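Enquirer: What follows is the file final.txt, containing compact mmCIF, C-alpha atoms:
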# COMPACT_ATOMS: atom_id res chain seq x y z
CA MET Z 227 13.53 -39.59 -18.87
CA GLU Z 228 10.45 -38.70 -20.74
CA SER Z 229 8.35 -40.79 -18.45
CA GLY Z 230 9.98 -39.03 -15.48
CA ASP Z 231 9.22 -35.65 -16.99
CA GLY Z 232 5.67 -36.75 -17.73
CA GLY Z 233 5.34 -37.91 -14.15
CA VAL Z 234 6.55 -34.55 -12.91
CA ASP Z 235 4.04 -32.82 -15.19
CA ARG Z 236 1.29 -35.02 -13.83
CA ILE Z 237 2.27 -34.18 -10.26
CA VAL Z 238 2.37 -30.47 -11.06
CA ASP Z 239 -0.93 -30.72 -12.90
CA SER Z 240 -2.37 -32.64 -9.99
CA LYS Z 241 -1.19 -29.94 -7.53
CA ASP Z 242 -2.55 -27.20 -9.78
CA LEU Z 243 -5.89 -28.98 -9.96
CA GLN Z 244 -5.96 -29.34 -6.19
CA GLN Z 245 -5.21 -25.64 -5.72
CA GLN Z 246 -7.83 -24.67 -8.29
CA SER Z 247 -10.33 -26.97 -6.63
CA LYS Z 248 -9.64 -25.40 -3.22
CA ALA Z 249 -9.94 -21.90 -4.69
CA PHE Z 250 -13.23 -22.83 -6.32
CA ASP Z 251 -14.54 -24.30 -3.06
CA LYS Z 252 -13.66 -21.08 -1.23
CA LEU Z 253 -15.45 -19.05 -3.88
CA THR Z 254 -18.61 -21.15 -3.71
CA ASP Z 255 -18.51 -21.03 0.10
CA ARG Z 256 -18.47 -17.23 -0.04
CA VAL Z 257 -21.41 -17.18 -2.45
CA GLU Z 258 -23.36 -19.53 -0.18
CA ASP Z 259 -22.53 -17.36 2.85
CA ARG Z 260 -23.75 -14.27 1.02
CA GLN Z 261 -26.97 -16.03 0.10
CA LEU Z 262 -27.47 -17.05 3.73
CA ASP Z 263 -26.74 -13.50 4.87
CA SER Z 264 -29.21 -12.19 2.32
CA SER Z 265 -31.96 -14.51 3.52
CA ARG Z 266 -31.24 -13.60 7.14
CA ALA Z 267 -31.39 -9.92 6.27
CA GLN Z 268 -34.69 -10.38 4.49
CA SER Z 269 -36.22 -12.23 7.42
CA ALA Z 270 -34.93 -9.54 9.81
CA MET Z 271 -36.45 -6.80 7.67
CA ALA Z 272 -39.76 -8.67 7.58
CA SER Z 273 -39.67 -8.98 11.36
CA ILE Z 274 -38.94 -5.27 11.76
CA ALA Z 275 -41.78 -4.37 9.40
CA ALA Z 276 -44.20 -6.60 11.31
CA SER Z 277 -43.08 -5.08 14.60
CA ALA Z 278 -43.51 -1.55 13.27
CA GLU Z 279 -46.97 -2.40 12.00
CA ALA Z 280 -47.94 -3.83 15.38
CA GLU Z 281 -46.67 -0.70 17.16
CA LYS Z 282 -48.60 1.50 14.75
CA ASN Z 283 -51.80 -0.45 15.38
CA ALA Z 284 -51.25 -0.27 19.14
CA MET Z 285 -50.78 3.52 18.92
CA ILE Z 286 -53.97 3.90 16.90
CA LEU Z 287 -55.87 1.81 19.44
CA ARG Z 288 -54.42 3.87 22.32
CA GLU Z 289 -55.41 7.13 20.63
CA LYS Z 290 -58.96 5.82 20.16
CA GLU Z 291 -59.12 4.87 23.85
CA LEU Z 292 -57.91 8.31 24.90
CA ALA Z 293 -60.35 10.03 22.58
CA SER Z 294 -63.23 8.14 24.18
CA VAL Z 295 -62.40 9.42 27.69
CA LYS Z 296 -64.83 12.10 28.83
CA ILE Z 297 -63.11 15.15 30.29
CA ASN Z 298 -64.32 18.44 31.67
CA SER Z 299 -63.15 21.42 29.60
CA ALA Z 300 -62.98 23.51 32.80
CA ASP Z 301 -60.41 21.03 34.16
CA VAL Z 302 -58.35 21.44 31.00
CA ASP Z 303 -58.46 25.23 31.34
CA ILE Z 304 -57.50 25.14 35.02
CA ILE Z 305 -54.57 22.76 34.44
CA ALA Z 306 -53.35 24.74 31.43
CA ASN Z 307 -53.59 28.10 33.19
CA GLU Z 308 -52.26 27.12 36.61
CA LEU Z 309 -49.34 25.03 35.34
CA GLU Z 310 -48.70 27.30 32.35
CA LEU Z 311 -49.07 24.48 29.84
CA ASP Z 312 -50.41 24.24 26.35
CA LYS Z 313 -54.05 23.17 26.37
CA LYS Z 314 -53.22 20.15 24.21
CA VAL Z 315 -50.74 18.91 26.81
CA ALA Z 316 -53.21 19.50 29.62
CA GLU Z 317 -55.98 17.72 27.71
CA ARG Z 318 -53.75 14.76 26.82
CA THR Z 319 -52.60 14.35 30.42
CA LEU Z 320 -56.15 14.59 31.69
CA ARG Z 321 -57.28 11.93 29.19
CA GLU Z 322 -54.37 9.66 30.19
CA HIS Z 323 -55.61 9.86 33.78
CA LYS Z 324 -59.21 9.10 32.77
CA GLY Z 325 -60.44 12.60 33.55
CA ASP Z 326 -59.04 12.66 37.10
CA ALA Z 327 -57.76 16.24 37.42
CA VAL Z 328 -55.89 15.62 40.68
CA ALA Z 329 -54.01 12.62 39.27
CA ALA Z 330 -53.21 14.57 36.10
CA ILE Z 331 -51.81 17.52 38.08
CA ARG Z 332 -49.74 15.21 40.29
CA SER Z 333 -48.37 13.52 37.20
CA LEU Z 334 -47.38 16.84 35.69
CA LEU Z 335 -45.73 18.07 38.88
CA HIS Z 336 -43.59 14.99 39.42
Would you kindly transcribe this structure into structure tokens?

Expert:
Amino acid sequence: MESGDGGVDRIVDSKDLQQQSKAFDKLTDRVEDRQLDSSRAQSAMASIAASAEAEKNAMILREKELASVKINSADVDIIANELELDKKVAERTLREHKGDAVAAIRSLLH
């Protein structure tokens, strides 16, 4: 009987070891998944930062282009007064349309 009891203990121990092994595998799988998620998150954040930097540089370049456009201050005054706009808005619109007052007014009216 002792050998039978020992055999039962071995079977129980074997089942316990299998369960513990499965539990350990699940735990390590979760840790690996978290590490993968962390690396994905870091690469996504790096991509977002690069995209934001590119947008910022594009905005700076656009502002430099607009600043280099020659406009007539009389056109700015006319647009601002006739359309009841702030002079900054009138100037910006005029610069966006390369100093073309008619195109700027049409843009503001539509």

Enquirer: Using Å and a single decimal, report how far CA of Ser333 (chain Z) sits from CA of Ile305 (chain Z).

Expert: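 Separation between CA of Ile305 (chain Z) and CA of Ser333 (chain Z): 11.5 Å.
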
Enquirer: Leaving out region 294-300 of chain Z and any residue of its chain fewer than 6 positions from it, which residues lie within 7 Å of it when counting only C-alpha atoms, given as a tab-separated table (two decimals) with C-alpha atoms, in the frame of the given file?

Expert:
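Below is the file around-v8.tsv, written as the result:
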chain	number	residue	atom	x	y	z
Z	321	ARG	CA	-57.28	11.93	29.19
Z	324	LYS	CA	-59.21	9.10	32.77
Z	325	GLY	CA	-60.44	12.60	33.55

Enquirer: Return as JSON the centre and edge lengths, in Å with one decimal, of the box along x, y and z that encloses every atom of region 306-325 of chain Z in the file, padded by 8 Å per side.

Expert:
{"center_x": -54.6, "center_y": 18.6, "center_z": 30.4, "size_x": 27.7, "size_y": 35.0, "size_z": 28.4}

Enquirer: One decimal, Å: what's the distance from CA of Arg288 (chain Z) over to CA of Lys313 (chain Z), could you say?

Expert: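 Between CA of Arg288 (chain Z) and CA of Lys313 (chain Z) the gap is 19.7 Å.
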
Enquirer: Using all atoms listed in the file, which residues sit within 10 Å of Leu334 (chain Z) once same-chain residues fewer than 5 positions away are excluded, as a PyMOL selection string?

Expert: chain Z and resi 305+309+311+315-316+319-320+328-329

Enquirer: If I take CA of Val302 (chain Z) and CA of Lys314 (chain Z), how far is one from the other in Å, to one decimal?

Expert: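 Distance between the two atoms: 8.6 Å.
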